[in-house]
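Data from protein-v4.cif: mmCIF, C-alpha atoms and all ligand atoms
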```
data_input
#
loop_
_atom_site.label_atom_id
_atom_site.label_comp_id
_atom_site.auth_asym_id
_atom_site.auth_seq_id
_atom_site.Cartn_x
_atom_site.Cartn_y
_atom_site.Cartn_z
CA MET F 1 0.00 0.00 0.00
CA ASP F 2 1.57 3.23 -1.16
CA ASN F 3 -0.42 6.45 -1.40
CA ARG F 4 2.39 8.51 -2.92
CA PRO F 5 1.44 9.97 -6.30
CA ILE F 6 2.34 8.58 -9.73
CA GLY F 7 4.28 11.21 -11.68
CA LEU F 8 3.91 11.84 -15.40
CA PHE F 9 5.60 14.30 -17.71
CA ASP F 10 5.46 15.53 -21.29
CA SER F 11 6.60 18.61 -23.18
CA GLY F 12 3.03 19.93 -22.87
CA ILE F 13 -0.58 18.77 -22.89
CA GLY F 14 -0.02 15.63 -25.04
CA GLY F 15 0.56 13.29 -22.11
CA ILE F 16 -2.68 14.38 -20.45
CA SER F 17 -4.33 12.02 -22.96
CA ILE F 18 -2.61 9.18 -21.07
CA LEU F 19 -3.64 10.60 -17.71
CA ASP F 20 -7.31 10.78 -18.85
CA LYS F 21 -7.37 7.01 -19.29
CA LEU F 22 -4.99 6.14 -16.45
CA LYS F 23 -7.17 7.80 -13.84
CA GLU F 24 -10.08 5.64 -15.05
CA LEU F 25 -7.98 2.49 -14.71
CA LEU F 26 -6.56 3.50 -11.31
CA PRO F 27 -9.19 5.82 -9.77
CA ASN F 28 -7.76 5.62 -6.25
CA GLU F 29 -4.27 6.70 -7.26
CA ASN F 30 -2.95 10.25 -6.88
CA PHE F 31 -1.33 11.82 -9.94
CA ILE F 32 1.08 14.66 -10.60
CA PHE F 33 1.53 15.73 -14.22
CA LEU F 34 4.32 18.05 -15.36
CA ALA F 35 3.80 19.86 -18.66
CA ASP F 36 7.24 21.20 -19.54
CA ASN F 37 5.72 23.64 -22.03
CA LYS F 38 8.50 26.19 -21.42
CA ASN F 39 10.70 23.81 -23.44
CA CYS F 40 8.11 22.58 -25.95
CA PRO F 41 8.52 21.04 -28.50
CA TYR F 42 11.01 18.31 -27.65
CA GLY F 43 10.72 16.73 -31.09
CA SER F 44 13.18 19.03 -32.81
CA ARG F 45 15.75 19.16 -29.98
CA SER F 46 18.99 17.22 -29.74
CA LYS F 47 19.09 13.88 -27.91
CA LYS F 48 21.31 15.51 -25.28
CA GLU F 49 18.77 18.25 -24.62
CA ILE F 50 15.91 15.73 -24.43
CA ILE F 51 17.86 13.67 -21.87
CA SER F 52 18.67 16.73 -19.81
CA LEU F 53 15.06 18.05 -19.85
CA SER F 54 13.69 14.59 -19.03
CA THR F 55 16.14 14.21 -16.14
CA LYS F 56 15.09 17.58 -14.76
CA ASN F 57 11.40 16.54 -14.96
CA CYS F 58 12.09 13.22 -13.21
CA GLU F 59 14.05 14.96 -10.45
CA LYS F 60 11.14 17.32 -9.85
CA LEU F 61 8.69 14.40 -9.69
CA ILE F 62 10.92 12.66 -7.17
CA GLU F 63 11.13 15.88 -5.13
CA LEU F 64 7.30 15.86 -5.20
CA ASN F 65 7.45 12.38 -3.66
CA CYS F 66 6.30 10.30 -6.64
CA LYS F 67 6.54 6.49 -6.40
CA ALA F 68 6.84 5.85 -10.16
CA ILE F 69 7.29 7.91 -13.31
CA VAL F 70 5.41 7.69 -16.58
CA ILE F 71 7.11 9.27 -19.56
CA ALA F 72 3.96 10.44 -21.32
CA CYS F 73 5.93 11.47 -24.39
CA ASN F 74 7.15 9.21 -27.20
CA THR F 75 10.01 11.58 -27.98
CA ALA F 76 11.34 11.50 -24.42
CA THR F 77 10.92 7.72 -24.14
CA THR F 78 12.70 6.93 -27.39
CA ASN F 79 15.57 9.30 -26.69
CA ALA F 80 16.00 9.25 -22.94
CA ILE F 81 14.50 6.22 -21.16
CA GLU F 82 17.72 4.23 -21.19
CA LYS F 83 19.70 7.04 -19.55
CA LEU F 84 16.91 7.87 -17.11
CA ARG F 85 16.77 4.29 -15.89
CA GLU F 86 20.48 4.48 -15.12
CA VAL F 87 20.12 7.51 -12.84
CA ILE F 88 16.56 7.54 -11.49
CA GLY F 89 15.93 5.18 -8.59
CA ILE F 90 12.18 4.58 -9.02
CA PRO F 91 10.27 2.61 -11.70
CA ILE F 92 10.01 4.39 -15.06
CA ILE F 93 7.50 3.41 -17.72
CA GLY F 94 7.45 5.16 -21.10
CA ILE F 95 5.05 5.30 -24.00
CA GLU F 96 6.50 4.47 -27.41
CA PRO F 97 5.03 4.06 -30.90
CA GLY F 98 2.99 0.88 -31.49
CA ILE F 99 5.19 -0.66 -34.15
CA LYS F 100 4.83 -4.20 -32.80
CA PRO F 101 0.99 -4.18 -32.81
CA ALA F 102 1.05 -2.60 -36.28
CA ILE F 103 3.29 -5.38 -37.59
CA SER F 104 0.90 -8.01 -36.23
CA TYR F 105 -2.06 -6.12 -37.70
CA THR F 106 -1.03 -5.26 -41.24
CA LYS F 107 -2.36 -7.33 -44.11
CA THR F 108 -1.19 -4.99 -46.87
CA LYS F 109 2.33 -5.12 -45.37
CA ASN F 110 2.45 -1.33 -45.35
CA ILE F 111 2.39 0.58 -42.09
CA GLY F 112 2.25 4.35 -41.68
CA ILE F 113 3.64 6.24 -38.72
CA LEU F 114 3.18 9.88 -37.80
CA ALA F 115 5.59 11.04 -35.09
CA THR F 116 8.11 13.73 -34.20
CA GLU F 117 11.42 14.05 -35.96
CA LYS F 118 13.38 12.95 -32.93
CA THR F 119 11.21 9.88 -32.30
CA LEU F 120 11.65 8.71 -35.88
CA ASN F 121 15.40 9.34 -35.76
CA SER F 122 15.98 7.67 -32.40
CA LYS F 123 18.06 4.57 -31.84
CA LEU F 124 15.24 2.91 -29.89
CA PHE F 125 12.79 3.42 -32.76
CA PHE F 126 15.34 2.12 -35.25
CA GLU F 127 15.99 -0.97 -33.13
CA THR F 128 12.29 -1.66 -32.53
CA THR F 129 11.48 -1.46 -36.22
CA ASN F 130 14.43 -3.62 -37.22
CA ASP F 131 14.10 -6.22 -34.46
CA ASN F 132 10.44 -6.80 -35.20
CA LYS F 133 10.36 -6.37 -38.92
CA ILE F 134 9.13 -9.29 -40.93
CA ASN F 135 10.74 -9.47 -44.36
CA ASP F 136 8.52 -7.59 -46.71
CA ILE F 137 6.71 -5.22 -44.32
CA LYS F 138 7.36 -1.58 -45.14
CA ILE F 139 7.13 1.25 -42.65
CA HIS F 140 6.29 4.65 -44.13
CA GLU F 141 7.34 7.47 -41.84
CA GLN F 142 6.01 11.00 -41.70
CA ILE F 143 7.25 13.72 -39.39
CA GLY F 144 4.36 15.73 -37.95
CA TYR F 145 6.08 19.09 -38.49
CA LYS F 146 4.53 21.84 -36.35
CA LEU F 147 1.63 19.66 -35.13
CA VAL F 148 2.75 19.76 -31.50
CA ASN F 149 2.90 23.58 -31.53
CA ILE F 150 -0.44 23.78 -33.29
CA ILE F 151 -2.06 21.56 -30.65
CA GLU F 152 -0.39 23.45 -27.77
CA ASP F 153 -1.66 26.78 -29.15
CA GLY F 154 -5.14 25.39 -29.71
CA ILE F 155 -6.15 28.17 -32.09
CA ILE F 156 -5.92 26.71 -35.60
CA SER F 157 -9.14 26.35 -37.62
CA LYS F 158 -10.35 22.88 -38.60
CA LYS F 159 -9.90 23.77 -42.26
CA GLU F 160 -6.26 24.76 -41.83
CA LEU F 161 -5.49 21.72 -39.69
CA ASP F 162 -7.13 19.38 -42.19
CA THR F 163 -5.05 20.89 -45.00
CA ILE F 164 -1.82 20.16 -43.10
CA LEU F 165 -2.94 16.67 -42.14
CA THR F 166 -3.94 15.84 -45.70
CA LEU F 167 -0.46 16.83 -46.83
CA TYR F 168 1.09 14.47 -44.26
CA LEU F 169 -1.33 11.57 -44.68
CA ASN F 170 -1.80 11.40 -48.44
CA PRO F 171 1.66 10.00 -49.30
CA MET F 172 1.13 7.18 -46.77
CA ILE F 173 -2.41 6.48 -48.03
CA GLU F 174 -0.97 6.21 -51.55
CA LYS F 175 1.49 3.60 -50.27
CA ASN F 176 -1.46 1.31 -49.42
CA ILE F 177 -1.09 1.39 -45.63
CA ASP F 178 -3.85 -0.35 -43.68
CA CYS F 179 -2.86 1.07 -40.30
CA LEU F 180 -1.44 4.32 -39.03
CA VAL F 181 0.59 4.43 -35.83
CA LEU F 182 0.09 7.60 -33.81
CA GLY F 183 3.58 8.08 -32.44
CA CYS F 184 3.08 11.23 -30.39
CA THR F 185 0.74 11.71 -27.44
CA HIS F 186 -0.29 15.17 -28.68
CA TYR F 187 -1.82 13.66 -31.84
CA HIS F 188 -4.42 11.87 -29.76
CA TYR F 189 -6.35 15.16 -29.57
CA ILE F 190 -6.63 15.39 -33.36
CA LYS F 191 -7.50 11.72 -33.87
CA ASP F 192 -10.97 12.61 -35.16
CA ASN F 193 -9.50 14.95 -37.80
CA ILE F 194 -7.08 12.19 -38.83
CA LYS F 195 -9.90 9.60 -38.97
CA GLU F 196 -11.93 11.86 -41.22
CA ILE F 197 -9.09 12.13 -43.72
CA LEU F 198 -8.11 8.44 -43.71
CA PRO F 199 -10.14 5.99 -45.81
CA THR F 200 -12.14 3.70 -43.50
CA ARG F 201 -9.94 0.70 -44.43
CA ILE F 202 -7.06 2.28 -42.47
CA SER F 203 -7.04 1.73 -38.70
CA ILE F 204 -5.35 3.97 -36.17
CA ILE F 205 -3.04 2.34 -33.64
CA ASP F 206 -2.14 4.17 -30.48
CA THR F 207 -0.51 2.69 -27.40
CA ILE F 208 -2.27 4.47 -24.55
CA THR F 209 -4.28 1.42 -23.41
CA PRO F 210 -1.37 -1.07 -23.40
CA VAL F 211 0.99 1.37 -21.67
CA ASN F 212 -1.59 2.05 -18.97
CA LYS F 213 -2.09 -1.69 -18.36
CA HIS F 214 1.68 -2.00 -18.10
CA ILE F 215 1.80 0.82 -15.51
CA LYS F 216 -0.81 -1.01 -13.41
CA ASN F 217 1.18 -4.25 -13.64
CA VAL F 218 4.39 -2.54 -12.56
CA LEU F 219 2.62 -1.12 -9.50
CA ILE F 220 1.18 -4.54 -8.66
CA LEU F 221 4.61 -6.18 -9.02
CA ASN F 222 6.18 -3.52 -6.79
CA GLU F 223 3.34 -3.87 -4.29
CA SER F 224 2.85 -0.14 -4.51
CA LEU F 225 -0.79 0.21 -5.56
CA ASN F 226 -2.76 2.70 -3.51
CA LEU F 227 -5.48 0.64 -1.85
CA HIS F 228 -7.40 3.60 -0.43
CA LYS F 229 -11.12 3.54 -1.22
CA ASN F 230 -11.23 7.30 -1.86
CA LYS F 231 -10.83 8.90 -5.26
CA GLY F 232 -7.30 10.17 -5.76
CA TYR F 233 -6.23 13.73 -6.61
CA ILE F 234 -4.81 15.02 -9.91
CA LYS F 235 -2.38 17.93 -9.96
CA ILE F 236 -1.26 19.36 -13.29
CA PHE F 237 1.62 21.83 -13.41
CA TYR F 238 3.05 23.81 -16.30
CA ASN F 239 6.14 26.00 -16.35
CA GLY F 240 5.61 28.19 -19.44
CA LYS F 241 2.66 30.18 -20.72
CA LYS F 242 -0.79 29.18 -19.50
CA LEU F 243 -1.85 25.89 -21.09
CA SER F 244 -4.54 26.13 -23.76
CA GLU F 245 -7.71 24.44 -22.51
CA LYS F 246 -9.07 23.66 -25.97
CA TYR F 247 -8.28 19.95 -25.86
CA ILE F 248 -8.14 19.14 -22.17
CA ARG F 249 -10.96 18.34 -19.78
CA LYS F 250 -12.51 21.32 -18.04
CA GLU F 251 -12.41 19.54 -14.66
CA TYR F 252 -8.60 19.70 -14.51
CA LYS F 253 -7.03 22.42 -12.42
CA LEU F 254 -3.89 23.78 -14.03
CA ASN F 255 -1.23 25.47 -11.92
CA TYR F 256 2.05 27.21 -12.63
CA LEU F 257 5.18 25.72 -11.08
CA GLU F 258 8.84 26.38 -11.63
CA PHE F 259 10.79 23.31 -12.70
N1 LIG C 301 3.91 14.45 -26.75
C1 LIG C 301 5.26 14.35 -27.25
C2 LIG C 301 5.44 12.99 -27.92
O1 LIG C 301 4.69 12.06 -27.60
C3 LIG C 301 5.55 15.58 -28.06
C4 LIG C 301 6.98 15.81 -28.35
C5 LIG C 301 7.36 17.22 -28.67
O2 LIG C 301 7.32 18.06 -27.77
O3 LIG C 301 7.76 17.47 -29.81
O4 LIG C 301 6.34 12.77 -28.70
#
```
Could I get this structure in the form of structure tokens?
Amino acid sequence: MDNRPIGLFDSGIGGISILDKLKELLPNENFIFLADNKNCPYGSRSKKEIISLSTKNCEKLIELNCKAIVIACNTATTNAIEKLREVIGIPIIGIEPGIKPAISYTKTKNIGILATEKTLNSKLFFETTNDNKINDIKIHEQIGYKLVNIIEDGIISKKELDTILTLYLNPMIEKNIDCLVLGCTHYHYIKDNIKEILPTRISIIDTITPVNKHIKNVLILNESLNLHKNKGYIKIFYNGKKLSEKYIRKEYKLNYLEF
């Protein structure tokens, strides 16, 4: 029994899409979410910078007494999880693109992935795709240039967003993909726009549900579930400009914190 909070971080609001589902799976747990929006986006930074920002976020979560850390950012997981696990003394779980489920799913042997530049260029992504690749399966990559900023700002019109998405998705559609991996937690908020543009034969694969199940299993294994009957608290902190509330639930209280 451990009533310390579970800590999560992302470069901004993207990871709140994980928190939305995680609090349903673990309603009695307490959560602290850090949106490092002062340093957003991570996806165009160097690996060194991503490691250093992620380490800073983990240290803050430990200072806030967290019992485990969820990297709610594919870019931070794929670039920093290895290093973080060397220096951070509590369990760390990270979300990463669903390449393995996509490989099991595809019939057309063509998979699309939309993610940040740094996720697609990371060693972990390269290894995952190569270790799991079955002969003739092709992975078509697209960098979601500017999408993270657009989602953080929350002011773009649907028409403008759809124009950008069409530009990114069309080349993959033309390659006969039958599934699209959403490789960035921010993109979850524009899933409906993406669905509208994709032909219905193309499925979207995101990894929020499996990563959340994994988090629960890690807590069970560590005997650190919070067994309190009461509903837990959720604290969300940001360190840059006020977070746009366009995509996130109204019930969340957002507070400024220096970290
Ligand atoms: N939500 C982060 C991810 O999953 C966004 C990265 C960024 O800030 O560019 O990759």
Shell of 6 Å around segment 73-78 of chain F, all atoms listed in the file, local chain residues under 2 positions omitted, as a list of chain:residue names: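 My reading of the contact set: F:Asp10, F:Ile71, F:Ala80, F:Ile81, F:Gly94, F:Ile95, F:Glu96, F:Thr119, F:Leu124, F:Cys184.
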Can you pull out the residues contacting Ser54 of chain F? Cut-off 12 Å, using only C-alpha atoms, and skip same-chain residues under 2 positions away; I want them as a PyMOL selection string. chain F and resi 8-11+34-36+39-40+42+47-52+56-61+69-85+87-88+92+94+259
Hey, can you spit out that residue selection with C-alpha atoms as a short mmCIF file (atom, residue, chain, number, x, y, z; two decimals), in the frame of the given file?
```cif
data_model
loop_
_atom_site.label_atom_id
_atom_site.label_comp_id
_atom_site.auth_asym_id
_atom_site.auth_seq_id
_atom_site.Cartn_x
_atom_site.Cartn_y
_atom_site.Cartn_z
CA LEU F 8 3.91 11.84 -15.40
CA PHE F 9 5.60 14.30 -17.71
CA ASP F 10 5.46 15.53 -21.29
CA SER F 11 6.60 18.61 -23.18
CA LEU F 34 4.32 18.05 -15.36
CA ALA F 35 3.80 19.86 -18.66
CA ASP F 36 7.24 21.20 -19.54
CA ASN F 39 10.70 23.81 -23.44
CA CYS F 40 8.11 22.58 -25.95
CA TYR F 42 11.01 18.31 -27.65
CA LYS F 47 19.09 13.88 -27.91
CA LYS F 48 21.31 15.51 -25.28
CA GLU F 49 18.77 18.25 -24.62
CA ILE F 50 15.91 15.73 -24.43
CA ILE F 51 17.86 13.67 -21.87
CA SER F 52 18.67 16.73 -19.81
CA LYS F 56 15.09 17.58 -14.76
CA ASN F 57 11.40 16.54 -14.96
CA CYS F 58 12.09 13.22 -13.21
CA GLU F 59 14.05 14.96 -10.45
CA LYS F 60 11.14 17.32 -9.85
CA LEU F 61 8.69 14.40 -9.69
CA ILE F 69 7.29 7.91 -13.31
CA VAL F 70 5.41 7.69 -16.58
CA ILE F 71 7.11 9.27 -19.56
CA ALA F 72 3.96 10.44 -21.32
CA CYS F 73 5.93 11.47 -24.39
CA ASN F 74 7.15 9.21 -27.20
CA THR F 75 10.01 11.58 -27.98
CA ALA F 76 11.34 11.50 -24.42
CA THR F 77 10.92 7.72 -24.14
CA THR F 78 12.70 6.93 -27.39
CA ASN F 79 15.57 9.30 -26.69
CA ALA F 80 16.00 9.25 -22.94
CA ILE F 81 14.50 6.22 -21.16
CA GLU F 82 17.72 4.23 -21.19
CA LYS F 83 19.70 7.04 -19.55
CA LEU F 84 16.91 7.87 -17.11
CA ARG F 85 16.77 4.29 -15.89
CA VAL F 87 20.12 7.51 -12.84
CA ILE F 88 16.56 7.54 -11.49
CA ILE F 92 10.01 4.39 -15.06
CA GLY F 94 7.45 5.16 -21.10
CA PHE F 259 10.79 23.31 -12.70
#
```
May I have a table of the residues of segment 215-245 of chain F lying at most 9 Å from segment 147-158 of chain F, giving each one's closest pair of atoms and their distance in Å to one decimal, counting all atoms listed in the file, ordered by chain and ascending residue number, as CSV?
```
residue,atom,partner,partner_atom,distance
F:Leu243,CA,F:Glu152,CA,7.3
F:Ser244,CA,F:Gly154,CA,6.0
F:Glu245,CA,F:Gly154,CA,7.7
```
Selection to disk with C-alpha atoms, as a short mmCIF file (atom, residue, chain, number, x, y, z; two decimals), keeping the file's coordinate frame:
```cif
data_model
loop_
_atom_site.label_atom_id
_atom_site.label_comp_id
_atom_site.auth_asym_id
_atom_site.auth_seq_id
_atom_site.Cartn_x
_atom_site.Cartn_y
_atom_site.Cartn_z
CA LEU F 243 -1.85 25.89 -21.09
CA SER F 244 -4.54 26.13 -23.76
CA GLU F 245 -7.71 24.44 -22.51
#
```
Give the answer as one residue: which of F:Arg45, F:Lys246, F:Arg4, F:Lys229 has the shortest atom-to-atom distance to ligand LIG 301 (chain C), using only C-alpha atoms and all ligand atoms?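 Ranked by minimum distance to ligand LIG 301 (chain C), first place goes to F:Arg45.
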Please indicate the distance in Å from atom CA of Asn176 of chain F to atom CA of Asn110 of chain F, rounded to one decimal place. 6.2 Å
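For the pair atom CA of Gly43 of chain F and atom CA of Lys123 of chain F, the separation is 14.2 Å.
For the pair atom CA of Leu169 of chain F and atom CA of Thr116 of chain F, the interatomic distance is 14.3 Å.
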Could you complete segment 38-61 of chain F so that it carries N, CA and C atoms, and give it back as a tab-separated table (two decimals), keeping the file's coordinate frame?
```tsv
chain	number	residue	atom	x	y	z
F	38	LYS	N	7.45	25.16	-21.23
F	38	LYS	CA	8.50	26.19	-21.42
F	38	LYS	C	9.50	25.70	-22.47
F	39	ASN	N	9.69	24.39	-22.54
F	39	ASN	CA	10.70	23.81	-23.44
F	39	ASN	C	10.10	23.06	-24.62
F	40	CYS	N	8.81	23.26	-24.85
F	40	CYS	CA	8.11	22.58	-25.95
F	40	CYS	C	8.42	23.24	-27.29
F	41	PRO	N	8.60	22.50	-28.39
F	41	PRO	CA	8.52	21.04	-28.50
F	41	PRO	C	9.87	20.36	-28.25
F	42	TYR	N	9.79	19.11	-27.83
F	42	TYR	CA	11.01	18.31	-27.65
F	42	TYR	C	11.47	17.72	-28.99
F	43	GLY	N	10.49	17.53	-29.89
F	43	GLY	CA	10.72	16.73	-31.09
F	43	GLY	C	11.76	17.25	-32.07
F	44	SER	N	12.16	18.52	-31.90
F	44	SER	CA	13.18	19.03	-32.81
F	44	SER	C	14.47	19.35	-32.05
F	45	ARG	N	14.54	18.92	-30.79
F	45	ARG	CA	15.75	19.16	-29.98
F	45	ARG	C	16.76	18.04	-30.17
F	46	SER	N	17.97	18.27	-29.65
F	46	SER	CA	18.99	17.22	-29.74
F	46	SER	C	18.70	16.16	-28.67
F	47	LYS	N	19.25	14.98	-28.88
F	47	LYS	CA	19.09	13.88	-27.91
F	47	LYS	C	19.59	14.33	-26.53
F	48	LYS	N	20.72	15.04	-26.54
F	48	LYS	CA	21.31	15.51	-25.28
F	48	LYS	C	20.34	16.43	-24.52
F	49	GLU	N	19.73	17.32	-25.26
F	49	GLU	CA	18.77	18.25	-24.62
F	49	GLU	C	17.56	17.47	-24.08
F	50	ILE	N	17.09	16.50	-24.87
F	50	ILE	CA	15.91	15.73	-24.43
F	50	ILE	C	16.24	14.95	-23.15
F	51	ILE	N	17.46	14.40	-23.09
F	51	ILE	CA	17.86	13.67	-21.87
F	51	ILE	C	17.93	14.63	-20.69
F	52	SER	N	18.51	15.79	-20.92
F	52	SER	CA	18.67	16.73	-19.81
F	52	SER	C	17.31	17.27	-19.33
F	53	LEU	N	16.40	17.58	-20.25
F	53	LEU	CA	15.06	18.05	-19.85
F	53	LEU	C	14.29	16.94	-19.13
F	54	SER	N	14.41	15.71	-19.64
F	54	SER	CA	13.69	14.59	-19.03
F	54	SER	C	14.23	14.31	-17.63
F	55	THR	N	15.54	14.43	-17.46
F	55	THR	CA	16.14	14.21	-16.14
F	55	THR	C	15.63	15.25	-15.15
F	56	LYS	N	15.61	16.49	-15.61
F	56	LYS	CA	15.09	17.58	-14.76
F	56	LYS	C	13.63	17.29	-14.33
F	57	ASN	N	12.81	16.83	-15.28
F	57	ASN	CA	11.40	16.54	-14.96
F	57	ASN	C	11.31	15.40	-13.94
F	58	CYS	N	12.12	14.37	-14.13
F	58	CYS	CA	12.09	13.22	-13.21
F	58	CYS	C	12.54	13.67	-11.81
F	59	GLU	N	13.57	14.51	-11.76
F	59	GLU	CA	14.05	14.96	-10.45
F	59	GLU	C	12.97	15.74	-9.72
F	60	LYS	N	12.22	16.55	-10.48
F	60	LYS	CA	11.14	17.32	-9.85
F	60	LYS	C	10.05	16.37	-9.33
F	61	LEU	N	9.73	15.35	-10.12
F	61	LEU	CA	8.69	14.40	-9.69
F	61	LEU	C	9.12	13.64	-8.44
```
